[in-house]
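Asker: Here you go, final-v2.pdb (PDB, C-alpha atoms):
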MODEL        1
ATOM      1  CA  MET H 942      99.528  87.366 122.178
ATOM      2  CA  GLN H 943      98.222  90.757 120.994
ATOM      3  CA  GLN H 944      95.895  90.959 124.020
ATOM      4  CA  GLU H 945      98.857  90.206 126.292
ATOM      5  CA  LEU H 946     100.738  93.029 124.599
ATOM      6  CA  LYS H 947      97.845  95.427 125.183
ATOM      7  CA  ASN H 948      97.813  94.401 128.843
ATOM      8  CA  LEU H 949     101.570  94.902 129.026
ATOM      9  CA  LEU H 950     101.399  98.417 127.600
ATOM     10  CA  ILE H 951      99.201  99.384 130.540
ATOM     11  CA  PHE H 952     102.096  98.510 132.874
ATOM     12  CA  VAL H 953     104.892 100.395 131.144
ATOM     13  CA  VAL H 954     103.601 103.894 131.839
ATOM     14  CA  LEU H 955     104.683 105.967 134.792
ATOM     15  CA  LYS H 956     102.728 104.860 137.842
ATOM     16  CA  LYS H 957     101.997 106.935 140.959
ATOM     17  CA  ILE H 958      99.613 105.845 143.706
ATOM     18  CA  ASN H 959      98.852 107.711 146.920
ATOM     19  CA  ARG H 960      98.934 105.311 149.881
ATOM     20  CA  THR H 961      98.637 105.421 153.646
ATOM     21  CA  SER H 962     100.689 103.134 155.891
ATOM     22  CA  GLN H 963      99.185 101.257 158.840
ATOM     23  CA  GLU H 964     100.641 103.980 161.080
ATOM     24  CA  GLY H 965      98.787 106.684 159.116
ATOM     25  CA  TYR H 966     101.796 108.013 157.193
ATOM     26  CA  GLU H 967     100.792 109.207 153.713
ATOM     27  CA  TYR H 968     103.182 108.628 150.838
ATOM     28  CA  THR H 969     103.260 108.240 147.064
ATOM     29  CA  TYR H 970     104.226 104.836 145.688
ATOM     30  CA  SER H 971     105.726 105.221 142.233
ATOM     31  CA  GLU H 972     107.172 103.122 139.450
ATOM     32  CA  GLY H 973     109.057 104.752 136.616
ATOM     33  CA  GLY H 974     108.107 104.286 133.003
ATOM     34  CA  MET H 975     109.956 101.696 130.958
ATOM     35  CA  SER H 976     110.229 100.554 127.378
ATOM     36  CA  PRO H 977     107.514  98.084 126.346
ATOM     37  CA  TYR H 978     110.104  95.899 124.605
ATOM     38  CA  GLU H 979     113.821  95.132 124.708
ATOM     39  CA  ASP H 980     116.268  96.840 122.362
ATOM     40  CA  ILE H 981     118.374  93.965 121.001
ATOM     41  CA  ASN H 982     121.292  96.389 120.608
ATOM     42  CA  LEU H 983     121.404  97.213 124.336
ATOM     43  CA  PRO H 984     121.981  95.156 127.491
ATOM     44  CA  GLY H 985     118.822  93.493 128.781
ATOM     45  CA  ARG H 986     116.952  94.594 131.886
ATOM     46  CA  THR H 987     117.180  92.574 135.075
ATOM     47  CA  MET H 988     115.142  89.387 134.924
ATOM     48  CA  LEU H 989     112.768  88.863 137.845
ATOM     49  CA  THR H 990     111.177  85.782 139.377
ATOM     50  CA  SER H 991     107.795  87.093 138.208
ATOM     51  CA  GLU H 992     108.722  86.283 134.598
ATOM     52  CA  GLY H 993     106.179  83.454 134.633
ATOM     53  CA  THR H 994     103.391  86.023 134.278
ATOM     54  CA  THR H 995     102.754  88.900 131.882
ATOM     55  CA  ASN H 996     103.455  92.105 133.779
ATOM     56  CA  ARG H 997     105.420  95.346 133.482
ATOM     57  CA  SER H 998     108.725  93.499 133.820
ATOM     58  CA  THR H 999     108.003  90.959 131.068
ATOM     59  CA  HIS H1000     110.733  90.831 128.436
ATOM     60  CA  TRP H1001     109.387  91.351 124.905
ATOM     61  CA  LEU H1002     111.232  91.659 121.631
ATOM     62  CA  LYS H1003     109.980  93.699 118.691
ATOM     63  CA  ILE H1004     111.364  92.330 115.420
ATOM     64  CA  ASN H1005     109.981  93.366 112.016
ATOM     65  CA  ASN H1006     107.078  95.125 113.794
ATOM     66  CA  ARG H1007     106.060  91.884 115.541
ATOM     67  CA  TYR H1008     106.264  91.238 119.272
ATOM     68  CA  ARG H1009     107.355  88.022 120.948
ATOM     69  CA  PHE H1010     108.551  86.743 124.300
ATOM     70  CA  LEU H1011     112.158  85.738 124.845
ATOM     71  CA  THR H1012     112.652  81.981 124.488
ATOM     72  CA  PRO H1013     113.908  79.940 127.449
ATOM     73  CA  ILE H1014     117.305  79.520 125.751
ATOM     74  CA  GLU H1015     117.556  83.282 125.116
ATOM     75  CA  THR H1016     116.867  83.987 128.780
ATOM     76  CA  GLU H1017     119.446  81.400 129.832
ATOM     77  CA  ARG H1018     122.065  82.989 127.583
ATOM     78  CA  LEU H1019     121.288  86.486 128.889
ATOM     79  CA  GLN H1020     121.997  85.207 132.387
ATOM     80  CA  SER H1021     125.151  83.303 131.342
ATOM     81  CA  PHE H1022     123.641  79.851 131.891
ATOM     82  CA  PRO H1023     124.327  77.031 129.432
ATOM     83  CA  ASP H1024     121.629  76.207 126.884
ATOM     84  CA  ASN H1025     118.753  74.104 128.286
ATOM     85  CA  TRP H1026     119.819  74.792 131.883
ATOM     86  CA  THR H1027     116.185  75.241 132.917
ATOM     87  CA  LYS H1028     114.693  72.541 130.687
ATOM     88  CA  TYR H1029     114.942  69.815 133.296
ATOM     89  CA  LYS H1030     114.295  69.970 137.004
ATOM     90  CA  LYS H1031     117.514  69.797 138.968
ATOM     91  CA  SER H1032     117.419  67.542 142.014
TER      92      SER H1032
ENDMDL
END
Once more with this new file: its structure as structure tokens, please.

Answerer:
Amino acid sequence: MQQELKNLLIFVVLKKINRTSQEGYEYTYSEGGMSPYEDINLPGRTMLTSEGTTNRSTHWLKINNRYRFLTPIETERLQSFPDNWTKYKKS
């Protein structure tokens, strides 16, 4: 998990990349900086479909100086779903 955290910290910094569109227009793609972990005293950030991977939008908690992912039940509760909503495939 510590290696995943190191990888995550790379993603949370301000990001600016110069790009050129297919039509030749030059622009700067940017992503703002963000906290590397959730503050449990504040509302959570938007959860994305990319949550299955470790990336800049991954939700981490820092409790007693230790990092961990949100549990499936915690993510369900944050989104107002009942507990175990995602445990079983719905048909």

Asker: Kindly indicate which residue among H:Ser971, H:Leu1019, H:Tyr1029, H:Ile1004 lies nearest to Pro984 (chain H), using all atoms listed in the file for the distances.

Answerer: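 Checking each candidate against Pro984 (chain H), we get H:Leu1019 as the closest.
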
Asker: Figure out the distance between CA of Pro1013 (chain H) and CA of Arg986 (chain H), please, to one decimal in Å.

Answerer: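 Answer for the CA of Arg986 (chain H) to CA of Pro1013 (chain H) separation: 15.6 Å.
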
Asker: Restricting the calculation to all atoms listed in the file, which member of H:Lys956, H:Asp1024, H:Ser998, H:Thr1016 is positioned closest to Thr969 (chain H)?

Answerer: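 Smallest distance to Thr969 (chain H) is found for H:Lys956.
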
Asker: For the file shown, what are the residues hit by the PyMOL selection byres ((chain H and resi 958) around 6), laid out as a ChimeraX atom specification?

Answerer: /H:957,959,969-970

Asker: Tell me which residues the PyMOL selection byres ((chain H and resi 1008) around 10) grabs here, as a ChimeraX atom specification.

Answerer: /H:942-943,946,977-978,1001-1007,1009-1011

Asker: I'd like to know which of H:Gln1020, H:Arg960, H:Met975, H:Thr1012 is closest to Thr987 (chain H), using all atoms listed in the file.

Answerer: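 Result for the nearest residue to Thr987 (chain H): H:Gln1020.
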
Asker: Quick one: distance from CA of Asn1025 (chain H) to CA of Thr995 (chain H) in Å, one decimal?

Answerer: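 Value for the CA of Asn1025 (chain H)-CA of Thr995 (chain H) distance: 22.1 Å.
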
Asker: Between CA of Leu983 (chain H) and CA of Arg1018 (chain H), what is the distance in Å, rounded to a tenth?

Answerer: 14.6 Å

Asker: Calculated over only C-alpha atoms, which of the candidates H:Trp1026, H:Glu967, H:Ile1014, H:Gly985 has the smallest distance to His1000 (chain H)?

Answerer: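 Once distances to His1000 (chain H) are computed over only C-alpha atoms, the minimum belongs to H:Gly985.
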
Asker: Would you mind completing region 999-1019 of chain H to N, CA, C and O atoms and writing the output as a JSON list (two decimals), in the coordinates of the input?

Answerer:
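Everything below was put into result-v9.json:
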[["chain", "number", "residue", "atom", "x", "y", "z"],
["H", 999, "THR", "N", 107.89, 92.00, 132.09],
["H", 999, "THR", "CA", 108.00, 90.96, 131.07],
["H", 999, "THR", "C", 108.94, 91.42, 129.95],
["H", 999, "THR", "O", 108.90, 92.57, 129.53],
["H", 1000, "HIS", "N", 109.78, 90.52, 129.50],
["H", 1000, "HIS", "CA", 110.73, 90.83, 128.44],
["H", 1000, "HIS", "C", 110.13, 90.48, 127.08],
["H", 1000, "HIS", "O", 109.88, 89.32, 126.79],
["H", 1001, "TRP", "N", 109.91, 91.51, 126.26],
["H", 1001, "TRP", "CA", 109.39, 91.35, 124.90],
["H", 1001, "TRP", "C", 110.44, 91.78, 123.92],
["H", 1001, "TRP", "O", 111.26, 92.66, 124.21],
["H", 1002, "LEU", "N", 110.40, 91.19, 122.74],
["H", 1002, "LEU", "CA", 111.23, 91.66, 121.63],
["H", 1002, "LEU", "C", 110.30, 92.16, 120.53],
["H", 1002, "LEU", "O", 109.22, 91.62, 120.34],
["H", 1003, "LYS", "N", 110.73, 93.20, 119.84],
["H", 1003, "LYS", "CA", 109.98, 93.70, 118.69],
["H", 1003, "LYS", "C", 110.89, 93.54, 117.49],
["H", 1003, "LYS", "O", 111.91, 94.22, 117.37],
["H", 1004, "ILE", "N", 110.56, 92.61, 116.60],
["H", 1004, "ILE", "CA", 111.36, 92.33, 115.42],
["H", 1004, "ILE", "C", 110.44, 92.37, 114.21],
["H", 1004, "ILE", "O", 109.42, 91.67, 114.17],
["H", 1005, "ASN", "N", 110.81, 93.19, 113.22],
["H", 1005, "ASN", "CA", 109.98, 93.37, 112.02],
["H", 1005, "ASN", "C", 108.54, 93.73, 112.37],
["H", 1005, "ASN", "O", 107.59, 93.18, 111.81],
["H", 1006, "ASN", "N", 108.39, 94.65, 113.34],
["H", 1006, "ASN", "CA", 107.08, 95.12, 113.79],
["H", 1006, "ASN", "C", 106.20, 94.04, 114.39],
["H", 1006, "ASN", "O", 104.98, 94.16, 114.43],
["H", 1007, "ARG", "N", 106.79, 92.94, 114.85],
["H", 1007, "ARG", "CA", 106.06, 91.88, 115.54],
["H", 1007, "ARG", "C", 106.67, 91.72, 116.92],
["H", 1007, "ARG", "O", 107.87, 91.82, 117.09],
["H", 1008, "TYR", "N", 105.82, 91.42, 117.90],
["H", 1008, "TYR", "CA", 106.26, 91.24, 119.27],
["H", 1008, "TYR", "C", 106.32, 89.75, 119.61],
["H", 1008, "TYR", "O", 105.49, 88.98, 119.15],
["H", 1009, "ARG", "N", 107.29, 89.40, 120.44],
["H", 1009, "ARG", "CA", 107.36, 88.02, 120.95],
["H", 1009, "ARG", "C", 108.09, 88.01, 122.27],
["H", 1009, "ARG", "O", 108.84, 88.92, 122.61],
["H", 1010, "PHE", "N", 107.83, 86.95, 123.05],
["H", 1010, "PHE", "CA", 108.55, 86.74, 124.30],
["H", 1010, "PHE", "C", 109.96, 86.24, 124.00],
["H", 1010, "PHE", "O", 110.20, 85.66, 122.93],
["H", 1011, "LEU", "N", 110.86, 86.40, 124.94],
["H", 1011, "LEU", "CA", 112.16, 85.74, 124.84],
["H", 1011, "LEU", "C", 111.94, 84.23, 125.00],
["H", 1011, "LEU", "O", 111.06, 83.80, 125.74],
["H", 1012, "THR", "N", 112.74, 83.43, 124.32],
["H", 1012, "THR", "CA", 112.65, 81.98, 124.49],
["H", 1012, "THR", "C", 113.41, 81.58, 125.75],
["H", 1012, "THR", "O", 114.26, 82.33, 126.24],
["H", 1013, "PRO", "N", 113.15, 80.38, 126.28],
["H", 1013, "PRO", "CA", 113.91, 79.94, 127.45],
["H", 1013, "PRO", "C", 115.42, 79.96, 127.20],
["H", 1013, "PRO", "O", 116.20, 80.37, 128.07],
["H", 1014, "ILE", "N", 115.86, 79.53, 126.03],
["H", 1014, "ILE", "CA", 117.30, 79.52, 125.75],
["H", 1014, "ILE", "C", 117.85, 80.95, 125.70],
["H", 1014, "ILE", "O", 118.95, 81.22, 126.20],
["H", 1015, "GLU", "N", 117.09, 81.89, 125.14],
["H", 1015, "GLU", "CA", 117.56, 83.28, 125.12],
["H", 1015, "GLU", "C", 117.70, 83.83, 126.54],
["H", 1015, "GLU", "O", 118.67, 84.52, 126.84],
["H", 1016, "THR", "N", 116.76, 83.49, 127.41],
["H", 1016, "THR", "CA", 116.87, 83.99, 128.78],
["H", 1016, "THR", "C", 118.04, 83.33, 129.50],
["H", 1016, "THR", "O", 118.72, 83.98, 130.30],
["H", 1017, "GLU", "N", 118.28, 82.07, 129.23],
["H", 1017, "GLU", "CA", 119.45, 81.40, 129.83],
["H", 1017, "GLU", "C", 120.74, 82.07, 129.38],
["H", 1017, "GLU", "O", 121.63, 82.33, 130.19],
["H", 1018, "ARG", "N", 120.86, 82.36, 128.11],
["H", 1018, "ARG", "CA", 122.06, 82.99, 127.58],
["H", 1018, "ARG", "C", 122.27, 84.39, 128.16],
["H", 1018, "ARG", "O", 123.40, 84.77, 128.47],
["H", 1019, "LEU", "N", 121.18, 85.15, 128.31],
["H", 1019, "LEU", "CA", 121.29, 86.49, 128.89],
["H", 1019, "LEU", "C", 121.83, 86.45, 130.31],
["H", 1019, "LEU", "O", 122.48, 87.37, 130.77]]
